[in-house]
Every structure is written in structure tokens, then in C-alpha cells.
Amino acid sequence: MSLQNYSLEEAAGLLKCRVRYLKDNLDRLPHQKIGVEPVFDDGEILAIKDMHRVRPANAWQDSEPSSGPLLALASIQPAQNRRRKSG
């Protein structure tokens, strides 16, 4: 079993965010405090990514999320009044 801990700088690189963001939000992000500096492992990096995942409000069906496509293709409609008047 291989455990990898990432510093603030390394974690920010993996998450593609600024170190300042991690420092400012440390109280609400999963991390470990080993010594003086906080560190993040792979599981915590994945948890942070999941915390910031944006999901459409109606995307999940009442059944299991993995039960099929999120939206039926037939339910997708084009926006109204998209055609330009020729003129």
C-alpha cells in the first residue's frame, strides 16, 4: 500500500486552484495536520473535488443515479424564438 501526502502547493497544483484558496478554506476542507503544515492525501483531494462538483438540479432521477442517462433525449427541447427573421 502506497500512501502519498501532498503539501498545500502540491494539492493546489492537483486541484488547479491557488494555495491561498486552500489556506482560506482549510476549516471546511478535509485534510490532515501532521506537524505544523496541513497535508492532503489522494482521498482528501478526491473529496475536495467532489465537494465542488456542480450538478444540474434535475439531473438525478428518483432511482439510483447510475441507472441510466441523466435526461431522456426526447425531453430536450430547443429554445424558443431562435430563428432570425429574414429581411
# chains A, B, ... in the order shown; residues from 1 in each chain; ligands from 1
call {"tool": "residues_around", "arguments": {"residues": "stretch 28-39 of chain A", "least_positions_apart": "2", "cutoff": "10 Å", "atoms": "only C-alpha atoms", "output": "PDB file with C-alpha atoms, in the first residue's frame"}}
result
ATOM      1  CA  GLN A   4       1.094   9.872  -0.679  1.00  0.00           C
ATOM      2  CA  ASN A   5       0.687  13.144   1.178  1.00  0.00           C
ATOM      3  CA  TYR A   6       0.645  16.425  -0.715  1.00  0.00           C
ATOM      4  CA  SER A   7       1.694  19.822   0.595  1.00  0.00           C
ATOM      5  CA  LEU A   8      -0.503  22.877   0.121  1.00  0.00           C
ATOM      6  CA  GLU A   9       1.394  23.754  -3.035  1.00  0.00           C
ATOM      7  CA  GLU A  10       1.169  20.234  -4.456  1.00  0.00           C
ATOM      8  CA  ALA A  11      -2.533  19.935  -3.596  1.00  0.00           C
ATOM      9  CA  LEU A  22      -6.820  26.154   0.275  1.00  0.00           C
ATOM     10  CA  LYS A  23      -5.458  28.229   3.165  1.00  0.00           C
ATOM     11  CA  ASP A  24      -8.592  30.397   3.338  1.00  0.00           C
ATOM     12  CA  ASN A  25     -10.932  27.387   3.310  1.00  0.00           C
ATOM     13  CA  LEU A  26      -8.898  24.943   5.367  1.00  0.00           C
ATOM     14  CA  ASP A  41      -3.825  12.589   0.652  1.00  0.00           C
ATOM     15  CA  GLY A  43      -8.739  10.510  -0.792  1.00  0.00           C
ATOM     16  CA  GLU A  44      -8.931  14.051   0.519  1.00  0.00           C
ATOM     17  CA  ILE A  45      -8.100  15.503  -2.908  1.00  0.00           C
ATOM     18  CA  LEU A  46     -10.951  13.437  -4.387  1.00  0.00           C
ATOM     19  CA  ALA A  47     -13.296  14.526  -1.573  1.00  0.00           C
ATOM     20  CA  ILE A  48     -12.481  18.197  -2.205  1.00  0.00           C
ATOM     21  CA  MET A  51     -17.429  18.895  -2.764  1.00  0.00           C
TER      22      MET A  51
END
call {"tool": "atom_distance", "arguments": {"atom1": "atom CA of A:Asp50", "atom2": "atom CA of A:Arg20"}}
result
19.5 Å
call {"tool": "atom_distance", "arguments": {"atom1": "atom CA of A:Leu3", "atom2": "atom CA of A:Arg18"}}
result
23.7 Å
